[in-house]
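Participant: Sharing a structure, written as structure tokens. Questions coming.
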Amino acid sequence: MNKLRIAMAQINLTVGDLAGNSKKIVSYARDAACLGADLVIFPELSTTGYPPEDLLLRPSFVEDNLKHINAIARKIKDIAAIVGFVDKKTGIYNAAALIKDGEIRDVYHKMYLPNYGVFDEQRYFQGGTTPLNFTLNNVTIGIGICEDIWYPEGPARLQSLAGASVICNINASPYHAGKLWIREEMLKTRAMDNGVIIAYNNAVGGQDELIFDGQGMIISENGATLERGGAFVEDLVAADLDIGAALSPRMRGAGKTGVRSKAAPQAVRHIDLGAGRQAKKPELPKRNVQALPVIDEMLRALILGVRDYARKNKFTHAVVGLSGGIDSSVVAALAGLAVGRKNITGVFMPSRYTARQSRKDAEALARNLGVRLMTIPIENAFSSYLSTLKQAFKGCKTDVTEENLQARIRGNILMALSNKFGWLVLTTGNKSELSVGYATLYGDMAGGFSAIKDVPKTTVYALAKRINEMAGKAVIPEAVFTKAPTAELRPNQTDQDALPPYDALDGILKAYIEEDKGVSEICKMGHARAIVKKVIEMVDSSEYKRRQSPPGIKITPRAFGKDRRMPITNQYKNGLRKK
């Protein structure tokens, strides 16, 4: 019976930081060697970070990445390694370097290039044509990169038929709520169908809108989850694989489905790396990593997203406009958890319409979080604007224009503080509001990063509740949960003056934005046709606003931006016209 000790380095990489990424790769390879691992695998495009986007169009970037992967190989001598990088031949490839004894022994090119959702790999890369197996310690191992493992007739099928007992799949798979279970079920199916152990390693960290959650896993040939990587943290996962058990199902056929690929196993390239570590291996530390509830996943994703955006862009302090409402309260709490309460300033900017309770709640929140609170009234600026525009607006009724002036004054103040002190402005708009345009361009939409841009309003309340539960006290004051949401831009205003109740609105928005359902389909879900049509019209007419909003963290299956790319100039009405 053959044994293989494998390690998965789940690391947080920074796009473009070739030197920093390389240093981390070498360090984790040494740590894996100290654990007695025969093989350590790193995430997809480890040298460059993922996704490098149009940096890939710069020849100097690709060449520097090649220099770094060769330097990495020279420094890894006590362990075999699989490291993601960009290879260059006639074109460029999303590639994995197979390293042993200080040199690159072979290179695998990703065969399936995703080009949907947030992915644009066909814009940059050529697809590989040949699967790769290698032998280490008499164990045959196949290499795959991310999308390769999602296809039943993909490289893993050929690799298993050509003798692979283990498939190492390296990934930079972005997070959205519920994705862990989709991945895990797919991997179990792929492992059982092919009678192989799958080591699925995933990157971790924030990169602009994307969050990589880690949560890699090792799946047995019987579909059991043997090990898990931590959620939203760097981790080094090591396990001893029983290769004898993995061989037996394949000896009986091509896995449970009994379906064989039409391609010949001989098409798989093969290289023998010889023996791995021969010294006595230390006992591995016991681990018990459990999958998180979805609300905890979301919370950790948002915290990591804010932390990494600030850290990787060299911001040391963040500022949040505090209104006393639920959205700004959650953003301030997230920011405190992400970068530390001493590095957060809240700004309360009351107007003539600001309720006494709002001031009380903003002050209580700042006190509970332990963050500095600045109070900057906007009445003088607002009065000055009204006076300045009086002649231009002569004969016009007061409307949303005057309301939006207040939001824009607040946005100017926050950006002035940002300019003066170098603070990162965290905007506080949620997905429900941004969907229907219930936000002010150059006002509350002004800022550097939008923490809850992809969080529906009903989920904002759930996150707030969870923040208080984790703190063991009402960090976010109880009154913030119970009072009616309001922008406080006119007397006695509430959100429901312009919008349906949020529980109904969020259901309509999910159906339309994330599931591409039309009016009739959404009405069948129990929503009134007039309301559905109004919401869809608001979503469609607000595309120009969203296009100008700051980047924000993706946590749903379809976020605005890279995920959902709708034309601003668009006359298709999606069933809104009367027949």
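Residue numbering restarts at 1 in every chain; chains get A, B, ... in the order shown in the structure tokens, and ligands count up from 1 in that same order.
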If we count only C-alpha atoms, what is near range 514-521 of chain A at a cut-off of 10 Å, once residues fewer than 5 positions away on the same chain are taken out, given as an mmCIF file with C-alpha atoms, in the first residue's frame?

Facilitator:
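Wrote part_34.cif, looks like this:
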```
data_model
loop_
_atom_site.group_PDB
_atom_site.id
_atom_site.type_symbol
_atom_site.label_atom_id
_atom_site.label_comp_id
_atom_site.auth_asym_id
_atom_site.auth_seq_id
_atom_site.Cartn_x
_atom_site.Cartn_y
_atom_site.Cartn_z
ATOM 1 C CA ILE A 508 -38.434 40.651 -6.463
ATOM 2 C CA LEU A 509 -34.851 41.886 -6.861
ATOM 3 C CA GLY A 526 -47.072 36.077 -5.298
ATOM 4 C CA HIS A 527 -46.116 39.673 -6.068
ATOM 5 C CA ALA A 528 -48.564 42.244 -7.433
ATOM 6 C CA ARG A 529 -47.977 43.048 -11.099
ATOM 7 C CA ALA A 530 -47.969 46.810 -10.580
ATOM 8 C CA ILE A 531 -45.289 46.547 -7.908
ATOM 9 C CA VAL A 532 -43.161 44.169 -9.977
ATOM 10 C CA LYS A 533 -43.298 46.486 -12.978
ATOM 11 C CA ILE A 536 -38.088 46.522 -12.626
ATOM 12 C CA THR A 556 -24.408 36.908 -3.880
ATOM 13 C CA PRO A 557 -24.387 34.679 -6.980
ATOM 14 C CA ARG A 558 -24.773 37.770 -9.195
ATOM 15 C CA ALA A 559 -23.417 41.107 -8.084
ATOM 16 C CA PHE A 560 -23.556 44.384 -9.970
ATOM 17 C CA ASP A 563 -21.127 39.736 -12.708
ATOM 18 C CA ARG A 564 -24.047 41.618 -14.239
ATOM 19 C CA LYS A 573 -38.460 46.460 -21.507
ATOM 20 C CA ASN A 574 -38.580 42.799 -20.437
ATOM 21 C CA GLY A 575 -42.345 42.393 -20.589
ATOM 22 C CA LEU A 576 -43.161 45.852 -19.239
#
```

Participant: Which residues come within 8 Å of range 351-368 of chain A, counting only C-alpha atoms, excluding same-chain residues fewer than 5 positions away, as a PDB file with C-alpha atoms, in the first residue's frame?

Facilitator:
```pdb
ATOM      1  CA  LEU A 322     -23.064  57.603  10.577  1.00  0.00           C
ATOM      2  CA  SER A 323     -26.756  58.385  10.265  1.00  0.00           C
ATOM      3  CA  GLY A 324     -28.066  56.328  13.170  1.00  0.00           C
ATOM      4  CA  GLY A 325     -29.525  53.837  10.687  1.00  0.00           C
ATOM      5  CA  SER A 329     -24.189  50.923  11.798  1.00  0.00           C
ATOM      6  CA  GLY A 346     -17.528  58.008  12.310  1.00  0.00           C
ATOM      7  CA  LEU A 373     -17.193  60.314  16.405  1.00  0.00           C
ATOM      8  CA  PRO A 377     -23.724  69.881  11.011  1.00  0.00           C
ATOM      9  CA  ILE A 378     -24.690  70.595   7.395  1.00  0.00           C
ATOM     10  CA  GLU A 379     -27.365  73.257   8.005  1.00  0.00           C
ATOM     11  CA  GLN A 406     -28.123  67.282   1.555  1.00  0.00           C
ATOM     12  CA  VAL A 475     -23.241  46.917  19.966  1.00  0.00           C
ATOM     13  CA  ILE A 476     -25.768  48.118  17.406  1.00  0.00           C
ATOM     14  CA  PRO A 477     -28.502  49.764  19.526  1.00  0.00           C
ATOM     15  CA  ALA A 479     -33.632  51.211  18.439  1.00  0.00           C
ATOM     16  CA  VAL A 480     -31.764  50.916  15.131  1.00  0.00           C
ATOM     17  CA  GLU A 488     -34.210  61.931   6.701  1.00  0.00           C
ATOM     18  CA  LEU A 489     -34.078  64.312   3.746  1.00  0.00           C
ATOM     19  CA  ARG A 490     -37.571  65.729   4.284  1.00  0.00           C
ATOM     20  CA  PRO A 491     -40.064  65.812   7.187  1.00  0.00           C
TER      21      PRO A 491
END
```

Participant: Which one of A:Met8, A:Ala511, A:Met470, A:Ile92 sits closest to Tyr200 in chain A if you count only C-alpha atoms?

Facilitator: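 Going through A:Met8, A:Ala511, A:Met470, A:Ile92 one by one, the smallest distance to Tyr200 in chain A is for A:Met8.
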
Participant: Pick out each residue of range 185-407 of chain A that DSSP on the backbone tags as helix (DSSP H, G or I); I need them as an mmCIF file with C-alpha atoms, in the first residue's frame.

Facilitator:
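states.cif, freshly written:
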```cif
data_model
loop_
_atom_site.group_PDB
_atom_site.id
_atom_site.type_symbol
_atom_site.label_atom_id
_atom_site.label_comp_id
_atom_site.auth_asym_id
_atom_site.auth_seq_id
_atom_site.Cartn_x
_atom_site.Cartn_y
_atom_site.Cartn_z
ATOM 1 C CA GLU A 185 -21.121 18.183 -4.034
ATOM 2 C CA MET A 186 -19.386 18.547 -7.384
ATOM 3 C CA LEU A 187 -16.076 17.308 -5.957
ATOM 4 C CA LYS A 188 -17.711 14.313 -4.304
ATOM 5 C CA THR A 189 -19.317 13.369 -7.608
ATOM 6 C CA ARG A 190 -16.074 13.777 -9.509
ATOM 7 C CA ALA A 191 -14.107 11.738 -6.946
ATOM 8 C CA MET A 192 -16.581 8.855 -6.886
ATOM 9 C CA ASP A 193 -17.108 8.802 -10.656
ATOM 10 C CA ASN A 194 -13.380 8.489 -11.265
ATOM 11 C CA ILE A 243 -3.570 5.273 -2.006
ATOM 12 C CA GLY A 244 -4.445 1.583 -1.873
ATOM 13 C CA ALA A 245 -8.054 2.438 -1.093
ATOM 14 C CA ALA A 246 -8.205 4.903 -3.977
ATOM 15 C CA LEU A 247 -6.938 2.351 -6.467
ATOM 16 C CA SER A 248 -9.525 -0.342 -5.838
ATOM 17 C CA PRO A 249 -12.675 1.326 -7.298
ATOM 18 C CA ARG A 250 -10.863 2.178 -10.508
ATOM 19 C CA MET A 251 -9.522 -1.344 -10.811
ATOM 20 C CA PRO A 265 -5.739 7.629 -21.843
ATOM 21 C CA GLN A 266 -2.521 7.561 -23.865
ATOM 22 C CA ALA A 267 -3.164 11.253 -24.594
ATOM 23 C CA VAL A 294 -24.160 31.039 5.828
ATOM 24 C CA ILE A 295 -24.633 34.234 7.872
ATOM 25 C CA ASP A 296 -21.211 33.717 9.471
ATOM 26 C CA GLU A 297 -19.694 33.099 6.035
ATOM 27 C CA MET A 298 -21.123 36.390 4.799
ATOM 28 C CA LEU A 299 -19.893 38.276 7.849
ATOM 29 C CA ARG A 300 -16.363 36.898 7.531
ATOM 30 C CA ALA A 301 -16.347 37.583 3.800
ATOM 31 C CA LEU A 302 -17.269 41.230 4.361
ATOM 32 C CA ILE A 303 -14.710 41.687 7.125
ATOM 33 C CA LEU A 304 -11.978 40.135 4.980
ATOM 34 C CA GLY A 305 -13.021 42.223 1.984
ATOM 35 C CA VAL A 306 -12.769 45.512 3.884
ATOM 36 C CA ARG A 307 -9.520 44.488 5.584
ATOM 37 C CA ASP A 308 -7.761 43.417 2.400
ATOM 38 C CA TYR A 309 -8.977 46.358 0.318
ATOM 39 C CA ALA A 310 -7.624 48.725 2.958
ATOM 40 C CA ARG A 311 -4.399 46.803 3.583
ATOM 41 C CA LYS A 312 -3.509 46.014 -0.020
ATOM 42 C CA ILE A 326 -28.958 50.127 10.190
ATOM 43 C CA ASP A 327 -26.723 50.351 7.097
ATOM 44 C CA SER A 328 -24.149 52.777 8.470
ATOM 45 C CA SER A 329 -24.189 50.923 11.798
ATOM 46 C CA VAL A 330 -23.325 47.617 10.114
ATOM 47 C CA VAL A 331 -20.619 49.191 7.937
ATOM 48 C CA ALA A 332 -19.006 50.846 10.959
ATOM 49 C CA ALA A 333 -19.096 47.566 12.892
ATOM 50 C CA LEU A 334 -17.583 45.676 9.952
ATOM 51 C CA ALA A 335 -14.873 48.306 9.602
ATOM 52 C CA GLY A 336 -13.994 48.074 13.280
ATOM 53 C CA LEU A 337 -13.694 44.289 13.019
ATOM 54 C CA ALA A 338 -11.656 44.611 9.816
ATOM 55 C CA VAL A 339 -9.088 47.293 10.608
ATOM 56 C CA ARG A 341 -11.662 50.429 16.175
ATOM 57 C CA LYS A 342 -8.792 52.904 16.651
ATOM 58 C CA ASN A 343 -8.539 53.169 12.875
ATOM 59 C CA ARG A 356 -33.077 63.420 17.943
ATOM 60 C CA GLN A 357 -33.208 59.602 18.044
ATOM 61 C CA SER A 358 -30.814 59.406 15.081
ATOM 62 C CA ARG A 359 -28.228 61.465 16.955
ATOM 63 C CA LYS A 360 -28.729 59.332 20.035
ATOM 64 C CA ASP A 361 -28.287 56.093 18.073
ATOM 65 C CA ALA A 362 -25.186 57.309 16.205
ATOM 66 C CA GLU A 363 -23.562 58.399 19.456
ATOM 67 C CA ALA A 364 -24.465 55.112 21.165
ATOM 68 C CA LEU A 365 -23.057 53.082 18.269
ATOM 69 C CA ALA A 366 -19.759 54.994 18.284
ATOM 70 C CA ARG A 367 -19.502 54.583 22.044
ATOM 71 C CA ASN A 368 -20.277 50.854 21.863
ATOM 72 C CA LEU A 369 -17.758 50.291 19.057
ATOM 73 C CA GLU A 379 -27.365 73.257 8.005
ATOM 74 C CA ASN A 380 -25.185 76.237 7.058
ATOM 75 C CA ALA A 381 -23.998 74.560 3.859
ATOM 76 C CA PHE A 382 -27.537 73.481 2.964
ATOM 77 C CA SER A 383 -28.920 76.979 3.512
ATOM 78 C CA SER A 384 -26.111 78.398 1.409
ATOM 79 C CA TYR A 385 -26.886 76.008 -1.450
ATOM 80 C CA LEU A 386 -30.604 76.904 -1.311
ATOM 81 C CA SER A 387 -29.727 80.571 -1.375
ATOM 82 C CA THR A 388 -27.286 80.115 -4.261
ATOM 83 C CA LEU A 389 -29.850 78.227 -6.334
ATOM 84 C CA VAL A 400 -36.056 65.474 -4.645
ATOM 85 C CA THR A 401 -33.489 67.985 -5.912
ATOM 86 C CA GLU A 402 -33.363 69.741 -2.554
ATOM 87 C CA GLU A 403 -33.295 66.380 -0.775
ATOM 88 C CA ASN A 404 -30.286 65.257 -2.784
ATOM 89 C CA LEU A 405 -28.402 68.475 -2.034
ATOM 90 C CA GLN A 406 -28.123 67.282 1.555
ATOM 91 C CA ALA A 407 -26.724 63.907 0.570
#
```

Participant: Write out as a ChimeraX atom specification the residues lying within 10 Å of Leu45 in chain A, counting only C-alpha atoms and excluding same-chain residues fewer than 6 positions away.

Facilitator: /A:13,15,51-52,65,83-87,94-96,145,170-172,203

Participant: Just to be explicit: take each residue in the selection above, keep C-alpha atoms, and write the result as a PDB file, in the first residue's frame.

Facilitator:
```
ATOM      1  CA  LEU A  13      -1.963  36.618  -2.487  1.00  0.00           C
ATOM      2  CA  VAL A  15      -2.241  40.860  -7.510  1.00  0.00           C
ATOM      3  CA  PRO A  51      -7.240  37.852 -11.310  1.00  0.00           C
ATOM      4  CA  PRO A  52      -4.388  39.877 -12.831  1.00  0.00           C
ATOM      5  CA  ASN A  65       6.327  36.438 -13.470  1.00  0.00           C
ATOM      6  CA  VAL A  83       2.669  26.348  -8.136  1.00  0.00           C
ATOM      7  CA  GLY A  84       0.346  28.429 -10.319  1.00  0.00           C
ATOM      8  CA  PHE A  85       1.895  30.976 -12.692  1.00  0.00           C
ATOM      9  CA  VAL A  86       1.555  32.466 -16.195  1.00  0.00           C
ATOM     10  CA  ASP A  87       3.413  30.491 -18.843  1.00  0.00           C
ATOM     11  CA  ASN A  94      -2.864  29.841 -17.016  1.00  0.00           C
ATOM     12  CA  ALA A  95      -0.341  27.258 -15.856  1.00  0.00           C
ATOM     13  CA  ALA A  96       0.937  25.091 -13.027  1.00  0.00           C
ATOM     14  CA  ILE A 145      -6.594  24.025 -12.508  1.00  0.00           C
ATOM     15  CA  ILE A 170      -5.480  24.351  -7.696  1.00  0.00           C
ATOM     16  CA  ASN A 171      -7.991  27.199  -7.543  1.00  0.00           C
ATOM     17  CA  ALA A 172      -8.800  30.852  -7.208  1.00  0.00           C
ATOM     18  CA  ALA A 203      -6.889  30.869  -2.560  1.00  0.00           C
TER      19      ALA A 203
END
```

Participant: Excluding Glu283 in chain A and its own-chain neighbours fewer than 2 positions away, which residues fall within 10 Å of it when counting only C-alpha atoms? Please give them as a PyMOL selection string.

Facilitator: chain A and resi 35-36+280-281+285-286

Participant: The selected residues should be written to file as a short mmCIF file (atom, residue, chain, number, x, y, z; two decimals), in the first residue's frame (atoms: N, CA and C atoms).

Facilitator:
```cif
data_model
loop_
_atom_site.label_atom_id
_atom_site.label_comp_id
_atom_site.auth_asym_id
_atom_site.auth_seq_id
_atom_site.Cartn_x
_atom_site.Cartn_y
_atom_site.Cartn_z
N LEU A 35 6.48 19.63 7.98
CA LEU A 35 5.41 18.70 8.36
C LEU A 35 5.64 17.31 7.77
N GLY A 36 6.70 17.17 6.97
CA GLY A 36 7.00 15.88 6.36
C GLY A 36 6.21 15.59 5.11
N LYS A 280 11.58 9.74 8.51
CA LYS A 280 10.39 9.49 9.32
C LYS A 280 9.57 10.77 9.44
N LYS A 281 8.30 10.66 9.23
CA LYS A 281 7.44 11.84 9.21
C LYS A 281 6.90 12.15 10.60
N PRO A 285 -0.69 17.50 13.28
CA PRO A 285 -1.59 18.03 14.31
C PRO A 285 -3.03 17.69 13.98
N LYS A 286 -3.83 17.45 15.00
CA LYS A 286 -5.25 17.13 14.80
C LYS A 286 -6.00 18.40 14.41
#
```

Participant: Run DSSP on the backbone and tell me which residues of range 421-569 of chain A come out as strand (DSSP E or B); list them as a ChimeraX atom specification.

Facilitator: /A:424-427,449-450,552,560,564

Participant: Using Å and a single decimal, report how far CA of Tyr50 in chain A sits from CA of Lys24 in chain A.

Facilitator: 15.1 Å

Participant: Between A:Asp101, A:Asp454, A:Glu469, A:Asp495, which is the closest to Pro550 in chain A once you count only C-alpha atoms?

Facilitator: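 Counting only C-alpha atoms, the residue closest to Pro550 in chain A is A:Asp454.
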